[in-house]
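Engineer: Hey, dropping protein_0.txt in here, compact mmCIF, C-alpha atoms:
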```txt
# COMPACT_ATOMS: atom_id res chain seq x y z
CA MET A 1 -104.10 -10.58 40.70
CA LYS A 2 -101.71 -7.86 41.78
CA ASN A 3 -99.82 -10.31 43.97
CA LYS A 4 -99.62 -12.76 41.09
CA GLY A 5 -98.17 -9.95 38.93
CA ILE A 6 -95.53 -9.18 41.53
CA THR A 7 -94.76 -12.86 41.89
CA LEU A 8 -94.36 -13.21 38.12
CA VAL A 9 -92.10 -10.20 37.97
CA ALA A 10 -90.06 -11.59 40.85
CA LEU A 11 -89.79 -14.91 39.05
CA VAL A 12 -88.65 -13.21 35.86
CA VAL A 13 -86.10 -11.14 37.78
CA THR A 14 -84.88 -14.28 39.55
CA ILE A 15 -84.53 -16.11 36.24
CA VAL A 16 -82.64 -13.16 34.73
CA ILE A 17 -80.31 -13.02 37.75
CA MET A 18 -79.73 -16.76 37.51
CA LEU A 19 -78.97 -16.46 33.80
CA ILE A 20 -76.57 -13.61 34.49
CA LEU A 21 -74.89 -15.62 37.22
CA ALA A 22 -74.82 -18.64 34.98
CA GLY A 23 -73.24 -16.53 32.25
CA VAL A 24 -70.64 -15.22 34.66
CA THR A 25 -69.97 -18.75 35.89
CA LEU A 26 -69.67 -20.07 32.35
CA ASN A 27 -67.36 -17.21 31.48
CA ILE A 28 -65.24 -17.94 34.54
CA ALA A 29 -65.19 -21.60 33.61
CA LEU A 30 -64.89 -21.40 29.83
CA GLY A 31 -63.58 -17.91 29.04
CA GLU A 32 -60.11 -17.03 27.71
CA ASN A 33 -58.81 -16.90 31.29
CA GLY A 34 -61.41 -19.33 32.62
CA LEU A 35 -60.90 -22.05 35.16
CA PHE A 36 -60.95 -24.79 32.53
CA LYS A 37 -58.33 -22.90 30.50
CA MET A 38 -56.21 -22.29 33.60
CA THR A 39 -56.55 -25.94 34.61
CA GLN A 40 -55.47 -27.00 31.13
CA GLN A 41 -52.46 -24.65 31.26
CA VAL A 42 -51.46 -25.93 34.68
CA ALA A 43 -51.76 -29.50 33.45
CA GLU A 44 -49.64 -28.72 30.41
CA LYS A 45 -47.02 -26.96 32.57
CA TYR A 46 -46.99 -29.91 34.94
CA LYS A 47 -46.56 -32.30 32.05
CA THR A 48 -43.70 -30.18 30.64
CA ALA A 49 -42.06 -29.90 34.06
CA GLN A 50 -42.42 -33.64 34.58
CA SER A 51 -40.84 -34.30 31.18
CA GLU A 52 -37.98 -31.90 31.94
CA GLU A 53 -37.47 -33.50 35.34
CA GLU A 54 -37.37 -36.97 33.81
CA SER A 55 -34.85 -35.74 31.22
CA THR A 56 -32.72 -34.14 33.93
CA MET A 57 -32.86 -37.26 36.08
CA GLN A 58 -31.89 -39.38 33.08
CA GLY A 59 -28.94 -37.08 32.44
CA ILE A 60 -27.88 -37.34 36.08
CA SER A 61 -28.34 -41.10 35.91
CA ASP A 62 -26.19 -41.30 32.77
CA GLU A 63 -23.52 -39.15 34.40
CA LEU A 64 -23.57 -41.25 37.56
CA GLN A 65 -23.26 -44.39 35.48
CA GLY A 66 -20.14 -42.89 33.99
CA LEU A 67 -18.82 -42.06 37.45
CA ILE A 68 -19.85 -45.29 39.10
CA GLY A 69 -19.00 -47.59 36.20
CA LYS A 70 -15.57 -49.14 36.75
CA GLY A 71 -13.16 -50.97 34.55
CA LYS A 72 -13.08 -53.81 37.04
CA ASP A 73 -16.77 -54.39 36.25
CA ASP A 74 -15.80 -55.31 32.68
CA GLU A 75 -16.57 -59.03 32.41
CA THR A 76 -14.49 -59.43 29.22
CA PRO A 77 -11.40 -57.19 29.64
CA GLY A 78 -9.46 -56.80 26.42
CA VAL A 79 -12.42 -58.06 24.40
CA ILE A 80 -14.50 -55.27 22.85
CA THR A 81 -18.15 -56.30 22.98
CA GLY A 82 -20.83 -55.15 20.54
CA GLU A 83 -21.41 -55.21 16.81
CA GLY A 84 -20.45 -51.66 15.80
CA THR A 85 -24.02 -50.72 14.87
CA LYS A 86 -26.20 -47.87 16.13
CA ASP A 87 -28.23 -50.23 18.32
CA LYS A 88 -25.28 -52.38 19.36
CA PRO A 89 -22.12 -50.27 19.22
CA TYR A 90 -18.71 -51.53 20.26
CA LEU A 91 -18.17 -50.64 23.93
CA ILE A 92 -14.97 -49.55 25.66
CA GLU A 93 -15.49 -50.66 29.28
CA SER A 94 -11.96 -50.66 30.73
CA ILE A 95 -8.37 -49.54 30.08
CA GLU A 96 -7.73 -53.04 28.71
CA ASP A 97 -10.49 -52.49 26.14
CA LEU A 98 -8.99 -49.14 25.13
CA VAL A 99 -5.57 -50.76 24.65
CA GLU A 100 -7.14 -53.52 22.57
CA PHE A 101 -8.99 -50.91 20.51
CA SER A 102 -5.65 -49.22 19.80
CA ASN A 103 -4.09 -52.58 18.86
CA LYS A 104 -6.89 -53.36 16.43
CA VAL A 105 -6.67 -50.03 14.62
CA ASN A 106 -2.87 -50.18 14.49
CA THR A 107 -3.03 -53.61 12.86
CA GLY A 108 -5.50 -52.60 10.17
CA THR A 109 -9.07 -52.46 11.52
CA THR A 110 -10.39 -49.09 10.31
CA TYR A 111 -13.87 -49.34 11.94
CA GLU A 112 -15.21 -47.52 8.87
CA ASN A 113 -19.01 -47.06 9.07
CA GLN A 114 -18.94 -48.53 12.59
CA ILE A 115 -19.57 -46.97 16.00
CA VAL A 116 -17.40 -47.26 19.10
CA LYS A 117 -18.62 -45.83 22.42
CA LEU A 118 -16.91 -45.12 25.72
CA ALA A 119 -19.08 -46.84 28.32
CA VAL A 120 -17.38 -45.53 31.51
CA ASN A 121 -14.98 -42.82 32.66
CA LEU A 122 -11.38 -44.02 32.47
CA ASP A 123 -8.42 -42.87 34.57
CA PHE A 124 -4.99 -44.22 33.65
CA LYS A 125 -3.82 -43.60 37.24
CA SER A 126 -6.72 -45.34 39.00
CA GLU A 127 -6.92 -49.08 39.67
CA GLU A 128 -10.69 -48.79 39.32
CA SER A 129 -10.28 -48.28 35.56
CA TYR A 130 -8.38 -51.56 35.06
CA ALA A 131 -10.31 -54.81 34.87
CA ASP A 132 -7.71 -57.32 35.99
CA ASP A 133 -4.20 -56.26 34.96
CA LYS A 134 -2.93 -53.76 37.54
CA ASN A 135 0.60 -54.02 36.09
CA LYS A 136 -0.68 -52.09 33.07
CA MET A 137 -1.00 -48.93 35.17
CA GLU A 138 2.77 -48.57 35.53
CA GLU A 139 3.28 -49.53 31.90
CA LEU A 140 0.83 -46.90 30.63
CA THR A 141 1.84 -44.04 32.95
CA THR A 142 5.66 -44.30 32.70
CA GLY A 143 8.16 -44.92 29.92
CA THR A 144 6.55 -44.44 26.50
CA GLY A 145 3.02 -44.68 27.89
CA PHE A 146 -0.12 -45.28 25.81
CA THR A 147 0.17 -46.22 22.12
CA SER A 148 -1.81 -43.77 19.99
CA ILE A 149 -4.83 -45.12 18.13
CA GLY A 150 -3.97 -45.18 14.43
CA ASN A 151 -1.08 -43.96 12.28
CA VAL A 152 -0.46 -42.82 8.71
CA GLN A 153 -0.68 -46.36 7.31
CA LYS A 154 -3.42 -47.66 9.66
CA GLN A 155 -6.05 -44.96 10.14
CA PHE A 156 -9.19 -44.81 12.27
CA LYS A 157 -12.19 -44.10 10.00
CA GLY A 158 -15.15 -44.92 12.23
CA THR A 159 -17.13 -42.97 14.83
CA PHE A 160 -15.87 -42.72 18.40
CA ASP A 161 -18.53 -41.36 20.78
CA GLY A 162 -17.27 -40.52 24.25
CA GLN A 163 -20.86 -40.10 25.49
CA ASN A 164 -19.73 -37.01 27.46
CA ARG A 165 -17.40 -39.12 29.57
CA THR A 166 -13.81 -38.42 30.60
CA ILE A 167 -10.42 -39.99 29.98
CA SER A 168 -7.96 -38.81 32.64
CA ASN A 169 -4.16 -38.85 32.97
CA LEU A 170 -3.38 -39.95 29.41
CA TYR A 171 0.41 -40.21 29.09
CA ILE A 172 2.43 -40.43 25.86
CA ASN A 173 6.21 -39.98 25.65
CA VAL A 174 7.67 -41.06 22.28
CA ALA A 175 9.82 -39.44 19.60
CA GLU A 176 7.46 -40.31 16.73
CA ASN A 177 5.20 -38.17 14.53
CA PHE A 178 1.38 -38.18 14.75
CA GLN A 179 0.76 -38.63 18.47
CA GLY A 180 -2.27 -38.12 20.72
CA LEU A 181 -5.10 -40.31 22.00
CA PHE A 182 -5.64 -40.89 18.27
CA GLY A 183 -2.56 -40.78 16.08
CA TYR A 184 -4.35 -40.46 12.75
CA VAL A 185 -8.07 -40.02 11.99
CA GLY A 186 -8.81 -40.70 8.32
CA SER A 187 -11.54 -39.58 5.94
CA ASN A 188 -15.08 -39.90 7.34
CA GLY A 189 -13.66 -40.53 10.82
CA SER A 190 -15.52 -38.84 13.66
CA ILE A 191 -14.69 -38.22 17.33
CA LYS A 192 -17.24 -36.52 19.56
CA ASN A 193 -18.54 -35.91 23.09
CA LEU A 194 -15.31 -36.52 25.01
CA THR A 195 -13.32 -34.80 27.77
CA ILE A 196 -9.60 -35.44 28.15
CA SER A 197 -8.32 -34.28 31.52
CA ASN A 198 -4.78 -33.92 32.93
CA ALA A 199 -3.10 -35.39 29.87
CA ASN A 200 0.70 -35.35 29.57
CA ILE A 201 1.74 -35.53 25.92
CA ASN A 202 5.52 -35.04 25.58
CA CYS A 203 6.82 -36.03 22.15
CA GLU A 204 9.94 -34.73 20.42
CA ALA A 205 8.34 -35.01 17.01
CA GLU A 206 5.82 -33.31 14.68
CA TYR A 207 2.01 -33.41 14.42
CA ILE A 208 1.21 -33.70 18.11
CA GLY A 209 -2.17 -33.09 19.78
CA THR A 210 -3.97 -34.19 22.93
CA LEU A 211 -6.87 -35.70 20.98
CA ALA A 212 -5.16 -36.46 17.64
CA GLY A 213 -1.95 -35.90 15.72
CA CYS A 214 -3.79 -35.57 12.41
CA VAL A 215 -7.42 -35.40 11.29
CA TYR A 216 -7.67 -35.91 7.53
CA GLY A 217 -11.15 -35.23 6.23
CA GLY A 218 -12.92 -36.22 9.45
CA THR A 219 -15.09 -34.44 12.02
CA ILE A 220 -14.24 -33.44 15.59
CA GLU A 221 -17.11 -32.20 17.76
CA ASN A 222 -17.76 -31.37 21.40
CA ILE A 223 -14.27 -32.12 22.73
CA LYS A 224 -12.89 -30.63 25.96
CA VAL A 225 -9.19 -30.76 26.82
CA ASN A 226 -8.60 -29.68 30.42
CA ASN A 227 -5.65 -28.92 32.69
CA GLY A 228 -2.98 -30.86 30.87
CA MET A 229 0.24 -30.30 28.97
CA VAL A 230 1.16 -31.04 25.37
CA LYS A 231 4.65 -30.53 23.97
CA GLY A 232 6.33 -31.39 20.68
CA ASN A 233 8.85 -30.08 18.19
CA CYS A 234 6.54 -28.64 15.52
CA ARG A 235 2.85 -28.54 14.56
CA VAL A 236 1.62 -28.95 18.11
CA GLY A 237 -2.03 -28.34 19.04
CA GLY A 238 -4.02 -28.41 22.25
CA ILE A 239 -6.57 -30.65 20.54
CA VAL A 240 -5.22 -31.56 17.06
CA GLY A 241 -1.78 -31.28 15.46
CA ILE A 242 -2.87 -30.81 11.84
CA PHE A 243 -6.38 -30.52 10.44
CA GLN A 244 -6.80 -30.92 6.66
CA ASN A 245 -8.70 -32.10 3.58
CA LYS A 246 -12.11 -30.50 4.29
CA ALA A 247 -12.16 -31.63 7.90
CA THR A 248 -14.38 -29.89 10.48
CA ILE A 249 -13.79 -29.14 14.12
CA LYS A 250 -16.51 -27.45 16.15
CA ASN A 251 -17.68 -26.80 19.71
CA CYS A 252 -14.30 -27.65 21.24
CA THR A 253 -12.31 -26.08 24.09
CA ASN A 254 -8.75 -26.27 25.35
CA SER A 255 -7.36 -25.18 28.72
CA SER A 256 -4.09 -27.15 28.58
CA ASP A 257 -0.73 -25.44 28.09
CA VAL A 258 0.81 -26.06 24.66
CA THR A 259 4.50 -25.64 23.77
CA ALA A 260 6.54 -26.31 20.63
CA ASN A 261 10.32 -26.63 20.68
CA GLY A 262 10.60 -25.41 17.09
CA ILE A 263 12.61 -26.96 14.25
CA LEU A 264 15.02 -25.45 11.73
CA SER A 265 13.56 -25.42 8.22
CA THR A 266 15.84 -26.54 5.41
CA VAL A 267 13.84 -24.41 2.96
CA ASP A 268 14.54 -20.94 4.37
CA ASN A 269 16.90 -21.73 7.28
CA GLN A 270 14.33 -20.32 9.74
CA TYR A 271 12.91 -21.93 12.85
CA LYS A 272 9.27 -23.05 12.57
CA ALA A 273 6.93 -23.93 15.42
CA TYR A 274 3.26 -23.88 14.31
CA VAL A 275 1.55 -24.16 17.66
CA GLY A 276 -2.08 -23.48 18.62
CA GLY A 277 -4.65 -23.91 21.36
CA ILE A 278 -7.05 -25.83 19.11
CA SER A 279 -4.99 -26.90 16.06
CA ALA A 280 -1.44 -26.18 14.94
CA VAL A 281 -2.30 -26.12 11.22
CA CYS A 282 -5.65 -25.86 9.42
CA ASN A 283 -5.46 -26.75 5.73
CA ASN A 284 -8.58 -26.54 3.53
CA SER A 285 -10.78 -27.13 6.58
CA THR A 286 -13.15 -25.39 9.01
CA ILE A 287 -12.92 -24.52 12.70
CA MET A 288 -16.12 -23.23 14.36
CA ASN A 289 -17.29 -22.29 17.87
CA CYS A 290 -14.01 -23.19 19.58
CA HIS A 291 -12.03 -21.41 22.26
CA ASN A 292 -8.74 -21.56 24.10
CA THR A 293 -7.79 -20.54 27.64
CA GLY A 294 -4.45 -22.35 27.83
CA GLN A 295 -1.02 -20.72 27.57
CA ILE A 296 0.50 -21.15 24.09
CA ASP A 297 4.23 -20.70 23.45
CA SER A 298 7.32 -21.97 21.63
CA ILE A 299 11.00 -22.26 22.51
CA LYS A 300 11.98 -21.16 18.98
CA GLY A 301 10.02 -20.56 15.81
CA SER A 302 7.05 -18.75 14.30
CA ASN A 303 3.26 -19.09 13.94
CA ILE A 304 1.89 -19.15 17.47
CA GLU A 305 -1.74 -18.42 18.38
CA GLY A 306 -4.80 -19.11 20.47
CA VAL A 307 -6.77 -21.12 17.90
CA THR A 308 -4.46 -22.22 15.06
CA GLY A 309 -0.82 -21.53 14.14
CA GLN A 310 -1.38 -21.38 10.41
CA ILE A 311 -4.57 -21.41 8.35
CA HIS A 312 -4.40 -21.70 4.58
CA SER A 313 -5.87 -23.15 1.36
CA ASN A 314 -9.48 -21.87 1.63
CA SER A 315 -9.83 -22.67 5.32
CA ILE A 316 -12.31 -20.83 7.56
CA ILE A 317 -12.21 -19.99 11.25
CA GLU A 318 -15.54 -18.70 12.53
CA SER A 319 -17.02 -17.77 15.92
CA CYS A 320 -13.89 -18.63 17.93
CA TYR A 321 -12.14 -16.78 20.75
CA ASN A 322 -9.01 -16.82 22.88
CA GLU A 323 -8.51 -15.93 26.53
CA GLY A 324 -5.10 -17.56 27.05
CA LYS A 325 -1.68 -15.91 27.14
CA ILE A 326 0.06 -16.26 23.78
CA GLY A 327 3.87 -16.01 23.43
CA ASP A 328 6.28 -13.97 25.59
CA LEU A 329 8.83 -11.15 25.32
CA ILE A 330 12.03 -13.20 25.31
CA LYS A 331 14.16 -12.67 22.20
CA LYS A 332 13.84 -16.03 20.48
CA ASP A 333 14.95 -17.14 17.02
CA ASN A 334 12.33 -16.24 14.40
CA PHE A 335 9.73 -15.62 17.11
CA ASN A 336 7.08 -13.92 14.96
CA SER A 337 3.61 -14.29 13.37
CA ILE A 338 1.88 -14.41 16.73
CA GLY A 339 -1.85 -13.76 17.04
CA GLY A 340 -4.79 -14.17 19.37
CA ILE A 341 -6.68 -16.32 16.85
CA VAL A 342 -4.26 -17.15 13.99
CA GLY A 343 -0.50 -16.94 13.60
CA ALA A 344 -0.38 -16.74 9.80
CA LEU A 345 -3.36 -16.35 7.44
CA VAL A 346 -2.78 -17.47 3.83
CA ASN A 347 -5.62 -17.69 1.28
CA ALA A 348 -8.12 -18.15 4.09
CA ARG A 349 -10.76 -16.35 6.18
CA VAL A 350 -11.26 -15.43 9.84
CA SER A 351 -14.78 -14.32 10.79
CA LYS A 352 -16.68 -13.39 13.99
CA CYS A 353 -13.72 -14.04 16.31
CA TYR A 354 -12.25 -12.14 19.24
CA ASN A 355 -9.29 -12.12 21.60
CA VAL A 356 -8.99 -10.92 25.19
CA GLY A 357 -5.71 -12.70 26.01
CA GLU A 358 -2.27 -11.11 26.31
CA ILE A 359 -0.29 -11.42 23.05
CA SER A 360 3.52 -11.03 23.05
CA GLY A 361 6.42 -11.72 20.70
CA ARG A 362 9.34 -10.42 18.73
CA SER A 363 7.56 -9.12 15.59
CA GLY A 364 4.44 -9.74 13.55
CA VAL A 365 2.40 -9.64 16.76
CA CYS A 366 -1.31 -8.80 16.53
CA GLY A 367 -4.58 -9.20 18.40
CA ILE A 368 -6.35 -11.40 15.83
CA VAL A 369 -3.92 -12.54 13.09
CA GLY A 370 -0.14 -12.30 13.48
CA SER A 371 0.45 -11.78 9.77
CA SER A 372 -1.92 -11.88 6.79
CA GLY A 373 -1.17 -12.74 3.19
CA TRP A 374 2.45 -13.41 2.27
CA ASP A 375 2.07 -13.48 -1.53
CA SER A 376 -1.60 -14.45 -1.18
CA THR A 377 -5.02 -13.16 -0.16
CA ALA A 378 -6.55 -13.00 3.31
CA SER A 379 -9.97 -12.07 4.69
CA ILE A 380 -10.83 -10.90 8.22
CA ASP A 381 -14.30 -9.68 9.13
CA ASN A 382 -16.38 -8.92 12.23
CA CYS A 383 -13.51 -9.47 14.67
CA TYR A 384 -12.23 -7.51 17.64
CA ASN A 385 -9.33 -7.49 20.07
CA MET A 386 -9.36 -6.34 23.71
CA GLY A 387 -6.07 -7.94 24.79
CA VAL A 388 -2.76 -6.14 25.31
CA VAL A 389 -0.47 -6.63 22.30
CA THR A 390 3.30 -6.23 22.84
CA ALA A 391 6.18 -6.67 20.38
CA ILE A 392 9.92 -6.26 20.88
CA GLU A 393 10.78 -5.00 17.40
CA GLY A 394 7.57 -4.06 15.59
CA ASP A 395 5.17 -5.10 12.81
CA ILE A 396 2.38 -4.99 15.33
CA GLY A 397 -1.37 -4.45 15.10
CA GLY A 398 -4.61 -4.51 17.01
CA ILE A 399 -6.08 -6.75 14.32
CA THR A 400 -3.30 -7.87 11.93
CA TYR A 401 -0.01 -7.04 10.24
CA ILE A 402 -0.16 -7.07 6.42
CA PRO A 403 3.13 -7.60 4.54
CA SER A 404 3.66 -5.58 1.35
CA THR A 405 3.42 -8.75 -0.76
CA THR A 406 -0.19 -9.41 0.26
CA THR A 407 -2.72 -9.06 -2.58
CA ASP A 408 -6.50 -8.50 -2.71
CA SER A 409 -6.99 -8.86 1.04
CA GLU A 410 -10.11 -7.64 2.83
CA ILE A 411 -10.53 -6.49 6.41
CA LYS A 412 -13.92 -5.12 7.48
CA ASN A 413 -16.06 -4.47 10.55
CA CYS A 414 -13.13 -5.04 12.92
CA TYR A 415 -11.88 -2.99 15.86
CA ASN A 416 -9.30 -2.95 18.62
CA THR A 417 -9.48 -1.57 22.17
CA GLY A 418 -6.35 -3.22 23.54
CA SER A 419 -3.08 -1.40 24.19
CA ILE A 420 -0.44 -1.63 21.41
CA ILE A 421 3.13 -1.59 22.76
CA VAL A 422 6.49 -1.73 20.95
CA LYS A 423 9.54 -2.12 23.19
CA GLU A 424 12.58 -1.31 21.07
CA THR A 425 11.60 0.51 17.84
CA THR A 426 9.81 3.66 16.75
CA ASP A 427 6.11 4.22 16.26
CA ASN A 428 6.62 3.82 12.51
CA TYR A 429 6.41 0.08 13.08
CA ILE A 430 3.01 0.22 14.78
CA ARG A 431 0.36 -0.89 12.31
CA LYS A 432 -3.14 -0.76 13.75
CA TYR A 433 -5.11 -2.08 10.81
CA CYS A 434 -8.85 -1.52 11.18
CA ARG A 435 -10.60 0.86 13.50
CA ASN A 436 -8.82 1.40 16.82
CA ARG A 437 -11.62 2.29 19.23
CA LYS A 438 -10.89 3.31 22.83
```
Translate this structure into structure tokens?

Structural biologist:
Amino acid sequence: MKNKGITLVALVVTIVIMLILAGVTLNIALGENGLFKMTQQVAEKYKTAQSEEESTMQGISDELQGLIGKGKDDETPGVITGEGTKDKPYLIESIEDLVEFSNKVNTGTTYENQIVKLAVNLDFKSEESYADDKNKMEELTTGTGFTSIGNVQKQFKGTFDGQNRTISNLYINVAENFQGLFGYVGSNGSIKNLTISNANINCEAEYIGTLAGCVYGGTIENIKVNNGMVKGNCRVGGIVGIFQNKATIKNCTNSSDVTANGILSTVDNQYKAYVGGISAVCNNSTIMNCHNTGQIDSIKGSNIEGVTGQIHSNSIIESCYNEGKIGDLIKKDNFNSIGGIVGALVNARVSKCYNVGEISGRSGVCGIVGSSGWDSTASIDNCYNMGVVTAIEGDIGGITYIPSTTTDSEIKNCYNTGSIIVKETTDNYIRKYCRNRK
């Protein structure tokens, strides 16, 4: 009986131990950090990683398609295939197609509510980008070069999607206004996801830009202009010449050098340039998240800057910056209103912007805005300058110079840490508006 009691106790103890072990095992398997939970997490991470890898590979595949795709593979050169819809957009597959696209717009096809996509990278100096007419290479890279897409009378009003591809060695050399890859983009027009590399835009005229001469009420997004040169007489921009009528430009960059010759104004007998890394003039429009690293200058004339030469009529520049060298210290005619972000600010606002580039000029030279107001209001907030600012004669500031005629202007939460240097006048001309923090 005693042995049976011991055996029963042993059995009970064994059962208890088994239950404890089972509980531990279940906890290991099903607990918060259990094996099943860990297995599920690993599976989810694997699934996420697999999805990310597939997305990355697709991106690489798309990029390779752009690199591998050649104009000579275009089976219908000079004939733009597609229907202009989201599912079947018009496709630009060769230089010949791009030329035909320009011809169509310039003869009245607006492409309004239609989509045009760049199917391959195009290089005006590479035979691989031409389908069958190699003589076009010399025609498009010498003389007057490529004919801009659209003009004042015949505007592009559709959507052009570059699909993150590149157009290289664009060349335009004419003495006509509104020049660039696009001459004139009308209301509701949109250009996006495009890189323009090594462009040479040399036009003795006004409203000149690498991407477009004028954007009127349209949208420009995700544009990169790299390592080129753009030159005109007046209103010359690294990306756009003039931007107006509630247009929007965002997420764009310029590294090309931009120069304006300047023209003599019949109104005040002063030379005007209006030259900028992003846009020369911004009128009742918005520029956001853009930056310039190119060198910006003029032979004669005023309003020179890293983002836009002149901003007015309720325009806004927000979250932009400049790293490029702006202006120089040569005594030029009317060489003033020179800023890291804006040359002249009239009834408009600059917000959350900064400059680290070197800013130089005759007078009205400042880190953020060359001059603010001029018989109007101006607003600058949350901006700072770290670049060296140098003027020959004065009217200089770490943030801006404010003429006595400016009314109801507001400058807040701004500071300067860059050196302020005047070459030929007294310190009375140094105007460091806003906090100067060293």

Engineer: What are the closest atom pairs, with distances in Å to one decimal, for each residue of region 91-122 of chain A lying within 12 Å of region 141-148 of chain A, using all atoms listed in the file, rows by chain and rising residue number, as a tab-separated table?

Structural biologist:
```
residue	atom	partner	partner_atom	distance
A:Ile95	CA	A:Phe146	CA	10.2
A:Glu96	CA	A:Phe146	CA	11.2
A:Leu98	CA	A:Phe146	CA	9.7
A:Val99	CA	A:Thr147	CA	7.7
A:Glu100	CA	A:Thr147	CA	10.3
A:Phe101	CA	A:Ser148	CA	10.1
A:Ser102	CA	A:Ser148	CA	6.7
A:Asn103	CA	A:Thr147	CA	8.3
A:Lys104	CA	A:Ser148	CA	11.4
A:Val105	CA	A:Ser148	CA	9.6
A:Asn106	CA	A:Ser148	CA	8.5
```

Engineer: Which residue, A:Ile263, A:Val275, A:Val116, A:Val185, has the smallest gap to Val152 (chain A) when you use all atoms listed in the file?

Structural biologist: A:Val185

Engineer: Using only C-alpha atoms, what table do you get, as a tab-separated table, when you list each residue of region 204-309 of chain A with an atom no more than 9 Å from region 354-359 of chain A, its nearest pair of atoms, and their distance in Å rounded to one decimal, rows by chain then rising number?

Structural biologist:
```
residue	atom	partner	partner_atom	distance
A:Thr293	CA	A:Gly357	CA	8.3
A:Glu305	CA	A:Ile359	CA	8.5
A:Gly306	CA	A:Asn355	CA	8.4
```

Engineer: Write out the residues from the selection above, keeping C-alpha atoms, as a short mmCIF file (atom, residue, chain, number, x, y, z; two decimals), in the frame of the given file.

Structural biologist:
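Full text of part01.cif as output:
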```
data_model
loop_
_atom_site.label_atom_id
_atom_site.label_comp_id
_atom_site.auth_asym_id
_atom_site.auth_seq_id
_atom_site.Cartn_x
_atom_site.Cartn_y
_atom_site.Cartn_z
CA THR A 293 -7.79 -20.54 27.64
CA GLU A 305 -1.74 -18.42 18.38
CA GLY A 306 -4.80 -19.11 20.47
#
```

Engineer: Counting all atoms listed in the file, figure out which residue out of A:Cys282, A:Val236, A:Ile296, A:Val267 gets nearest to Ser255 (chain A).

Structural biologist: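 The answer is A:Ile296, which sits nearest to Ser255 (chain A).
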
Engineer: With all atoms listed in the file as the counted atoms, please give the residues lying no more than 10 Å from His291 (chain A), apart from itself and same-chain residues fewer than 2 positions off, as a compact mmCIF listing (two decimals) with C-alpha atoms, in the frame of the given file.

Structural biologist:
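Result file out-v9.txt:
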```
# COMPACT_ATOMS: atom_id res chain seq x y z
CA LYS A 224 -12.89 -30.63 25.96
CA LYS A 250 -16.51 -27.45 16.15
CA ASN A 251 -17.68 -26.80 19.71
CA CYS A 252 -14.30 -27.65 21.24
CA THR A 253 -12.31 -26.08 24.09
CA ASN A 254 -8.75 -26.27 25.35
CA SER A 255 -7.36 -25.18 28.72
CA GLY A 277 -4.65 -23.91 21.36
CA ILE A 278 -7.05 -25.83 19.11
CA MET A 288 -16.12 -23.23 14.36
CA ASN A 289 -17.29 -22.29 17.87
CA THR A 293 -7.79 -20.54 27.64
CA GLY A 294 -4.45 -22.35 27.83
CA GLY A 306 -4.80 -19.11 20.47
CA VAL A 307 -6.77 -21.12 17.90
CA SER A 319 -17.02 -17.77 15.92
CA CYS A 320 -13.89 -18.63 17.93
CA TYR A 321 -12.14 -16.78 20.75
CA ASN A 322 -9.01 -16.82 22.88
CA GLU A 323 -8.51 -15.93 26.53
CA GLY A 324 -5.10 -17.56 27.05
CA ILE A 341 -6.68 -16.32 16.85
CA CYS A 353 -13.72 -14.04 16.31
CA TYR A 354 -12.25 -12.14 19.24
CA ASN A 355 -9.29 -12.12 21.60
```

Engineer: Please list as an MDAnalysis selection string every residue within 8 Å of Asn164 (chain A), counting only C-alpha atoms and excluding residues in the same chain fewer than 5 positions away.

Structural biologist: chainID A and resid 193:195

Engineer: What is the CA of Ile239 (chain A) to CA of Tyr274 (chain A) distance in Å?

Structural biologist: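 Between CA of Ile239 (chain A) and CA of Tyr274 (chain A) the gap works out to 13.5 Å.
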
Engineer: How many Å separate CA of Ser302 (chain A) from CA of Ile420 (chain A)?

Structural biologist: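 It comes out at 20.0 Å.
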
Engineer: In Å, rounded to a single decimal, give me how far CA of Thr400 (chain A) is from CA of Val422 (chain A).

Structural biologist: 14.7 Å

Engineer: Ranking A:Asp375, A:Glu176, A:Glu424, A:Asp328 by minimum distance to Val388 (chain A) and counting only C-alpha atoms, which one comes first?

Structural biologist: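 Looking only at the distances to Val388 (chain A), the closest residue turns out to be A:Asp328.
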